[in-house]
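So this block is my_file_9.csv, CSV, C-alpha atoms (C1' of nucleotides):
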```
chain,number,residue,atom,x,y,z
A,1,MET,CA,-12.9,-15.9,0.9
A,2,ALA,CA,-15.0,-13.2,-0.7
A,3,GLY,CA,-14.2,-11.6,-4.0
A,4,LYS,CA,-13.2,-13.0,-7.3
A,5,GLN,CA,-9.9,-14.4,-8.3
A,6,SER,CA,-9.1,-14.3,-12.0
A,7,PRO,CA,-6.1,-13.8,-14.2
A,8,CYS,CA,-6.0,-10.6,-16.2
A,9,PRO,CA,-4.6,-9.9,-19.6
A,10,ASN,CA,-1.3,-8.1,-19.5
A,11,ASP,CA,-1.1,-4.5,-20.8
A,12,PRO,CA,1.8,-2.2,-21.6
A,13,GLY,CA,3.2,-0.3,-18.6
A,14,GLY,CA,5.4,2.8,-18.9
A,15,ASP,CA,9.0,2.8,-20.0
A,16,TRP,CA,11.3,1.3,-17.4
A,17,PRO,CA,15.0,1.6,-17.3
A,18,SER,CA,17.2,-1.5,-17.4
A,19,SER,CA,20.4,0.0,-16.1
A,20,PRO,CA,21.1,0.9,-12.5
A,21,ALA,CA,22.5,4.3,-13.4
A,22,ALA,CA,19.3,5.2,-15.3
A,23,ALA,CA,17.2,4.0,-12.5
A,24,ILE,CA,19.0,6.0,-9.9
A,25,GLU,CA,18.7,9.1,-12.0
A,26,ILE,CA,14.9,8.6,-12.2
A,27,GLN,CA,14.7,8.2,-8.5
A,28,ARG,CA,16.5,11.4,-7.9
A,29,ARG,CA,14.0,13.2,-10.1
A,30,LEU,CA,10.9,11.6,-8.7
A,31,ALA,CA,11.8,11.9,-5.0
A,32,GLY,CA,11.0,15.6,-5.1
A,33,GLN,CA,7.5,14.9,-6.4
A,34,VAL,CA,6.4,12.9,-3.3
A,35,ARG,CA,3.8,14.7,-1.4
A,36,ILE,CA,3.6,14.4,2.4
A,37,GLU,CA,0.3,15.3,3.8
A,38,PRO,CA,-2.2,14.0,6.4
A,39,LEU,CA,-4.6,11.3,5.5
A,40,ASP,CA,-8.0,11.0,7.2
A,41,VAL,CA,-7.4,7.4,8.4
A,42,ASP,CA,-10.8,7.1,10.1
A,43,SER,CA,-12.6,7.6,6.8
A,44,VAL,CA,-10.6,4.9,5.0
A,45,GLU,CA,-12.8,2.0,4.0
A,46,ARG,CA,-10.9,0.2,1.4
A,47,VAL,CA,-7.2,-0.6,1.4
A,48,ALA,CA,-5.4,-2.1,-1.6
A,49,ALA,CA,-2.2,-4.1,-1.3
A,50,VAL,CA,0.2,-5.6,-3.8
A,51,ASP,CA,2.8,-8.3,-3.5
A,52,MET,CA,4.9,-10.4,-5.8
A,53,SER,CA,6.1,-14.0,-6.1
A,54,PHE,CA,8.8,-15.6,-8.2
A,55,PRO,CA,9.3,-19.2,-9.2
A,56,GLY,CA,12.3,-21.5,-8.9
A,57,GLY,CA,15.2,-21.8,-6.5
A,58,ARG,CA,18.6,-20.1,-6.6
A,59,ALA,CA,19.3,-21.8,-9.9
A,60,VAL,CA,16.8,-19.8,-12.1
A,61,MET,CA,16.3,-17.0,-9.6
A,62,HIS,CA,18.9,-14.6,-10.9
A,63,ARG,CA,18.3,-15.4,-14.5
A,64,LEU,CA,16.8,-12.6,-16.7
A,65,PRO,CA,14.3,-12.1,-17.9
A,66,ALA,CA,12.6,-13.9,-15.0
A,67,ALA,CA,9.0,-15.1,-14.6
A,68,GLY,CA,7.1,-13.1,-12.0
A,69,LEU,CA,3.6,-13.0,-10.5
A,70,ALA,CA,2.0,-10.0,-9.0
A,71,ALA,CA,-1.2,-10.1,-6.9
A,72,ALA,CA,-3.4,-7.2,-5.8
A,73,VAL,CA,-6.3,-7.2,-3.4
A,74,VAL,CA,-8.7,-4.7,-2.1
A,75,TYR,CA,-9.6,-5.2,1.5
A,76,ASP,CA,-12.7,-3.8,3.1
A,77,LEU,CA,-11.9,-2.6,6.6
A,78,ARG,CA,-15.4,-2.5,7.9
A,79,ARG,CA,-16.2,-6.0,6.8
A,80,SER,CA,-12.7,-7.2,7.5
A,81,GLU,CA,-12.5,-9.2,4.2
A,82,VAL,CA,-11.0,-9.1,0.8
A,83,ILE,CA,-13.6,-7.8,-1.7
A,84,GLU,CA,-11.5,-8.2,-4.8
A,85,SER,CA,-8.4,-10.2,-5.8
A,86,VAL,CA,-6.5,-10.3,-9.0
A,87,PHE,CA,-3.1,-11.4,-10.3
A,88,VAL,CA,-1.0,-11.2,-13.5
A,89,THR,CA,2.1,-13.0,-14.6
A,90,GLY,CA,4.9,-11.7,-16.8
A,91,GLU,CA,8.6,-11.2,-17.3
A,92,VAL,CA,10.8,-9.2,-14.9
A,93,HIS,CA,13.8,-7.5,-16.6
A,94,MET,CA,15.7,-6.2,-13.6
A,95,PRO,CA,17.6,-8.2,-10.9
A,96,TYR,CA,17.0,-7.4,-7.3
A,97,ILE,CA,19.4,-4.7,-6.3
A,98,PRO,CA,19.0,-3.1,-2.8
A,99,GLY,CA,17.7,0.4,-3.4
A,100,LEU,CA,16.3,-0.4,-6.9
A,101,LEU,CA,13.5,-2.8,-6.0
A,102,SER,CA,10.8,-0.7,-7.5
A,103,PHE,CA,12.3,-1.1,-11.0
A,104,ARG,CA,12.1,-4.8,-10.7
A,105,GLU,CA,8.6,-5.0,-9.3
A,106,CYS,CA,6.6,-2.0,-10.4
A,107,PRO,CA,5.9,-2.9,-14.0
A,108,LEU,CA,4.0,-6.1,-13.0
A,109,ALA,CA,2.7,-4.7,-9.8
A,110,LEU,CA,1.1,-1.8,-11.7
A,111,GLU,CA,-0.4,-4.3,-14.2
A,112,ALA,CA,-2.1,-6.1,-11.3
A,113,LEU,CA,-3.3,-2.9,-9.8
A,114,HIS,CA,-4.6,-1.8,-13.1
A,115,CYS,CA,-6.8,-4.9,-13.2
A,116,LEU,CA,-8.7,-3.9,-10.0
A,117,ARG,CA,-12.2,-2.8,-10.7
A,118,THR,CA,-12.8,-1.8,-7.2
A,119,THR,CA,-11.7,1.7,-6.0
A,120,TYR,CA,-9.7,2.1,-2.9
A,121,ASP,CA,-8.6,4.9,-0.5
A,122,VAL,CA,-5.0,3.9,0.1
A,123,LEU,CA,-2.4,1.5,-1.3
A,124,LEU,CA,-0.1,-0.7,0.9
A,125,ALA,CA,3.2,-1.9,-0.6
A,126,ASP,CA,5.5,-4.6,0.6
A,127,GLY,CA,8.7,-2.6,1.0
A,128,GLN,CA,10.0,0.9,1.9
A,129,GLY,CA,8.5,4.2,1.1
A,130,ARG,CA,10.7,7.2,2.1
A,131,ALA,CA,12.9,4.9,4.3
A,132,HIS,CA,15.2,4.6,1.3
A,133,PRO,CA,18.6,6.0,0.5
A,134,ARG,CA,17.1,8.4,-2.0
A,135,ARG,CA,13.7,8.6,-0.3
A,136,MET,CA,12.2,6.8,-3.2
A,137,GLY,CA,11.2,3.3,-2.2
A,138,ILE,CA,8.6,1.2,-4.1
A,139,ALA,CA,5.7,2.7,-2.1
A,140,CYS,CA,6.7,6.1,-3.3
A,141,HIS,CA,7.1,4.9,-6.8
A,142,LEU,CA,3.7,3.2,-7.0
A,143,GLY,CA,2.0,6.1,-5.2
A,144,LEU,CA,3.4,8.6,-7.6
A,145,VAL,CA,2.7,6.7,-10.8
A,146,LEU,CA,-0.9,6.0,-9.7
A,147,ASP,CA,-1.3,9.3,-7.9
A,148,VAL,CA,-2.9,7.6,-4.9
A,149,PRO,CA,-2.1,7.7,-1.2
A,150,ALA,CA,0.5,5.0,-0.6
A,151,ILE,CA,2.3,3.5,2.4
A,152,GLY,CA,5.3,1.3,2.6
A,153,CYS,CA,5.3,-1.6,5.1
A,154,ALA,CA,8.6,-3.5,5.1
A,155,LYS,CA,9.6,-6.6,7.1
A,156,GLY,CA,13.2,-5.4,7.3
A,157,ILE,CA,15.3,-2.2,7.3
A,158,LEU,CA,17.1,-0.9,4.1
A,159,VAL,CA,18.5,2.3,5.7
A,160,GLY,CA,18.4,4.0,9.0
A,161,GLU,CA,18.3,2.7,12.6
A,162,VAL,CA,15.6,2.3,15.2
A,163,GLN,CA,15.7,5.2,17.6
A,164,GLY,CA,16.0,4.2,21.2
A,165,LYS,CA,14.4,1.1,22.5
A,166,LEU,CA,11.3,-0.4,20.9
A,167,GLY,CA,9.0,-1.9,23.5
A,168,SER,CA,8.2,-5.6,23.1
A,169,ARG,CA,4.5,-5.3,23.4
A,170,ARG,CA,2.1,-4.9,20.5
A,171,GLY,CA,1.5,-1.3,19.7
A,172,SER,CA,5.0,-0.2,20.6
A,173,ARG,CA,6.6,2.3,18.3
A,174,ALA,CA,10.0,3.8,17.6
A,175,GLY,CA,11.2,6.2,14.9
A,176,LEU,CA,13.4,4.9,12.1
A,177,VAL,CA,16.2,7.5,11.6
A,178,ASP,CA,18.5,7.9,8.7
A,179,ARG,CA,21.1,10.6,8.4
A,180,GLY,CA,19.3,12.6,11.1
A,181,GLU,CA,16.0,12.4,9.4
A,182,THR,CA,13.0,10.3,10.7
A,183,VAL,CA,12.1,8.4,7.6
A,184,GLY,CA,9.9,5.8,9.1
A,185,MET,CA,8.4,4.0,12.1
A,186,ALA,CA,9.2,0.7,13.6
A,187,ILE,CA,5.9,-0.8,14.8
A,188,ARG,CA,5.5,-3.9,17.0
A,189,THR,CA,2.4,-5.4,15.4
A,190,ARG,CA,2.5,-8.5,17.7
A,191,SER,CA,4.0,-8.8,21.2
A,192,GLY,CA,7.4,-10.5,21.2
A,193,VAL,CA,7.6,-10.6,17.4
A,194,LYS,CA,9.9,-8.7,15.0
A,195,PRO,CA,8.5,-5.3,14.1
A,196,VAL,CA,7.5,-4.0,10.7
A,197,TYR,CA,8.8,-0.8,9.3
A,198,VAL,CA,6.3,1.7,8.1
A,199,SER,CA,7.1,4.7,5.9
A,200,VAL,CA,5.5,7.4,3.8
A,201,GLY,CA,4.8,6.4,0.2
A,202,HIS,CA,2.8,9.3,-1.2
A,203,ARG,CA,0.0,11.6,-0.2
A,204,VAL,CA,0.2,10.6,3.5
A,205,ASP,CA,2.4,11.6,6.5
A,206,LEU,CA,4.1,9.3,8.8
A,207,ALA,CA,1.6,9.6,11.6
A,208,SER,CA,-1.3,8.8,9.2
A,209,ALA,CA,0.7,5.9,7.7
A,210,ALA,CA,1.4,4.4,11.1
A,211,ALA,CA,-2.3,4.8,12.2
A,212,LEU,CA,-3.5,3.3,9.0
A,213,VAL,CA,-1.3,0.3,9.3
A,214,GLU,CA,-2.5,-0.4,12.8
A,215,ARG,CA,-6.1,-0.2,11.6
A,216,THR,CA,-5.4,-3.0,9.2
A,217,LEU,CA,-3.9,-5.4,11.7
A,218,GLY,CA,-5.5,-8.7,12.2
A,219,ARG,CA,-4.0,-11.5,14.3
A,220,TYR,CA,-0.7,-11.6,12.4
A,221,ARG,CA,2.5,-9.6,12.2
A,222,ILE,CA,1.8,-8.5,8.7
A,223,PRO,CA,-1.1,-6.1,8.0
A,224,GLU,CA,-4.1,-8.1,6.7
A,225,PRO,CA,-4.3,-6.6,3.2
A,226,LEU,CA,-0.6,-7.3,2.5
A,227,ARG,CA,-0.8,-10.7,4.1
A,228,GLN,CA,-3.8,-11.6,1.8
A,229,ALA,CA,-1.9,-10.3,-1.3
A,230,HIS,CA,1.1,-12.4,-0.3
A,231,ILE,CA,-1.1,-15.5,0.1
A,232,VAL,CA,-2.7,-15.0,-3.3
A,233,ALA,CA,0.7,-14.4,-5.0
A,234,THR,CA,2.2,-17.5,-3.4
A,235,GLN,CA,-0.7,-19.8,-4.0
A,236,MET,CA,-1.2,-18.8,-7.6
A,237,ARG,CA,2.4,-19.4,-8.4
A,238,ARG,CA,2.4,-22.8,-6.7
A,239,ARG,CA,-0.8,-23.7,-8.5
A,240,GLY,CA,1.3,-23.2,-11.6
A,241,VAL,CA,-0.3,-20.3,-13.4
B,1,DG,C1',39.1,-3.4,1.4
B,2,DC,C1',35.0,-4.8,4.5
B,3,DG,C1',30.4,-5.1,5.8
B,4,DA,C1',25.4,-3.9,4.9
B,5,DC,C1',21.8,-4.6,1.9
B,6,DA,C1',13.4,-3.7,1.1
B,7,DG,C1',12.0,-8.2,-1.9
C,1,DA,C1',12.2,-13.6,-3.0
C,2,DT,C1',12.7,-19.2,-2.9
C,3,DC,C1',13.8,-24.3,-1.1
C,4,DT,C1',11.1,-27.1,3.2
C,5,DT,C1',8.9,-30.9,8.2
C,6,DG,C1',8.7,-31.0,12.1
C,7,DT,C1',9.0,-28.9,16.3
C,8,DC,C1',9.6,-25.8,20.4
C,9,DG,C1',7.0,-22.3,22.9
C,10,DC,C1',3.2,-18.9,24.5
```
Show me, as structure tokens, the structure contained in the file I just sent.
Amino acid sequence: MAGKQSPCPNDPGGDWPSSPAAAIEIQRRLAGQVRIEPLDVDSVERVAAVDMSFPGGRAVMHRLPAAGLAAAVVYDLRRSEVIESVFVTGEVHMPYIPGLLSFRECPLALEALHCLRTTYDVLLADGQGRAHPRRMGIACHLGLVLDVPAIGCAKGILVGEVQGKLGSRRGSRAGLVDRGETVGMAIRTRSGVKPVYVSVGHRVDLASAAALVERTLGRYRIPEPLRQAHIVATQMRRRGV
DNA sequence: GCGACAG
DNA sequence: ATCTTGTCGC
């Protein structure tokens, strides 16, 4: 358990739309700004990851504004440990709408990332990157706003279908294709366990993204940086912050 | 109209 | 995403 773990004062983000129509318009405009290029995965030393957690059961879940908690960590690949961990709490003003997740989570997620004092080489987001109906998932959004290499790693599919048959052994891969375009990669991170879906967020290409994710794997299905961010987000919420 | 649908 | 204990299996 290395690294610190402290709350961070909230700060104003950018201006975020509250209507689905406005959000979709923004996605159409931003999608063309995503840059796909190779990333030198072998030289990556620090990987940042963000995840969110929300309180309450179905009763208060879809009530807005809602309380949310975003956690961000920086993971050192060489030492295989978290070197910094932060979190922020705040209000979420958008409901969860498939395809518009970034507008619900980005404001708080960005606040958390802004609190990090450690620099990092690439950002991992819990969700899709280009494997999105408008090629503008949360990983693309975060990567564009911060102008950092970003990768989306989702536990489920939003659009597209796995090409062919994905092997059951760890390390097996299969393309994720949507409307004739390979938008992501299904990767079996543990033998006999459901795969994760990796896609380009920003300033990386699919091959680099897949390689980076595999470099961050520990003994679990979810890449270690993301798994750690998820643990922080969940524990801080249950601790009643 | 019906089914799908990241977190 | 969240509510939850034990339990079956490699």
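As for atom CA of A:Arg173 and atom CA of A:Gly152, they are spaced 15.8 Å apart.
Separating atom CA of A:Met52 from atom CA of A:Ile231 is a distance of 9.8 Å.
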At a cut-off of 6 Å, can you tabulate as a tab-separated table every residue of chain A near chain B together with its closest atom pair and the distance in Å to one decimal, using only C-alpha atoms (C1' of nucleotides) and ordering rows by chain then number?
```
residue	atom	partner	partner_atom	distance
A:Pro98	CA	B:DC5	C1'	5.7
A:Gly127	CA	B:DA6	C1'	4.8
A:Gln128	CA	B:DA6	C1'	5.8
A:Leu158	CA	B:DA6	C1'	5.5
```
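Considering the residues A:Val193, A:Val232, A:Ala210, A:Ala112 and counting all atoms listed in the file, chain C has its shortest atom-to-atom contact with A:Val193.
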Sorted by chain and rising residue number, list the residues of chain C at most 9 Å from chain A (counting only C-alpha atoms (C1' of nucleotides)), each with its closest atom pair and distance in Å to one decimal, as JSON lines.
```
{"residue": "C:DA1", "atom": "C1'", "partner": "A:Phe54", "partner_atom": "CA", "distance": 6.5}
{"residue": "C:DT2", "atom": "C1'", "partner": "A:Gly57", "partner_atom": "CA", "distance": 5.1}
{"residue": "C:DC3", "atom": "C1'", "partner": "A:Gly57", "partner_atom": "CA", "distance": 6.1}
```
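Atom to atom, atom CA of A:Gly129 and atom CA of A:Thr189 stand 18.3 Å apart.
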Taking (0.7, -12.3, 15.9) in the file's coordinates, which residues come within 9 Å, counting all atoms listed in the file, written as a PDB file with C-alpha atoms, in the coordinates of the input?
```pdb
ATOM      1  CA  ARG A 170       2.100  -4.900  20.500  1.00  0.00           C
ATOM      2  CA  THR A 189       2.400  -5.400  15.400  1.00  0.00           C
ATOM      3  CA  ARG A 190       2.500  -8.500  17.700  1.00  0.00           C
ATOM      4  CA  SER A 191       4.000  -8.800  21.200  1.00  0.00           C
ATOM      5  CA  GLY A 192       7.400 -10.500  21.200  1.00  0.00           C
ATOM      6  CA  VAL A 193       7.600 -10.600  17.400  1.00  0.00           C
ATOM      7  CA  GLY A 218      -5.500  -8.700  12.200  1.00  0.00           C
ATOM      8  CA  ARG A 219      -4.000 -11.500  14.300  1.00  0.00           C
ATOM      9  CA  TYR A 220      -0.700 -11.600  12.400  1.00  0.00           C
ATOM     10  CA  ARG A 221       2.500  -9.600  12.200  1.00  0.00           C
ATOM     11  CA  ILE A 222       1.800  -8.500   8.700  1.00  0.00           C
TER      12      ILE A 222
END
```
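Remark: for A:Ile138, the closest of the candidate residues A:Val162, A:Leu212, A:Ile83, A:Val200 is A:Val200 (distances computed over all atoms listed in the file).
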Mind listing as a PDB file with C-alpha atoms, keeping the file's coordinate frame all residues within 12 Å of (19.5, 0.1, -16.4), counting all atoms listed in the file?
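The resulting file, out_34.pdb, is reproduced below:
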```pdb
ATOM      1  CA  ASP A  15       9.000   2.800 -20.000  1.00  0.00           C
ATOM      2  CA  TRP A  16      11.300   1.300 -17.400  1.00  0.00           C
ATOM      3  CA  PRO A  17      15.000   1.600 -17.300  1.00  0.00           C
ATOM      4  CA  SER A  18      17.200  -1.500 -17.400  1.00  0.00           C
ATOM      5  CA  SER A  19      20.400   0.000 -16.100  1.00  0.00           C
ATOM      6  CA  PRO A  20      21.100   0.900 -12.500  1.00  0.00           C
ATOM      7  CA  ALA A  21      22.500   4.300 -13.400  1.00  0.00           C
ATOM      8  CA  ALA A  22      19.300   5.200 -15.300  1.00  0.00           C
ATOM      9  CA  ALA A  23      17.200   4.000 -12.500  1.00  0.00           C
ATOM     10  CA  ILE A  24      19.000   6.000  -9.900  1.00  0.00           C
ATOM     11  CA  GLU A  25      18.700   9.100 -12.000  1.00  0.00           C
ATOM     12  CA  ILE A  26      14.900   8.600 -12.200  1.00  0.00           C
ATOM     13  CA  HIS A  93      13.800  -7.500 -16.600  1.00  0.00           C
ATOM     14  CA  MET A  94      15.700  -6.200 -13.600  1.00  0.00           C
ATOM     15  CA  PRO A  95      17.600  -8.200 -10.900  1.00  0.00           C
ATOM     16  CA  ILE A  97      19.400  -4.700  -6.300  1.00  0.00           C
ATOM     17  CA  LEU A 100      16.300  -0.400  -6.900  1.00  0.00           C
ATOM     18  CA  PHE A 103      12.300  -1.100 -11.000  1.00  0.00           C
ATOM     19  CA  ARG A 104      12.100  -4.800 -10.700  1.00  0.00           C
TER      20      ARG A 104
END
```
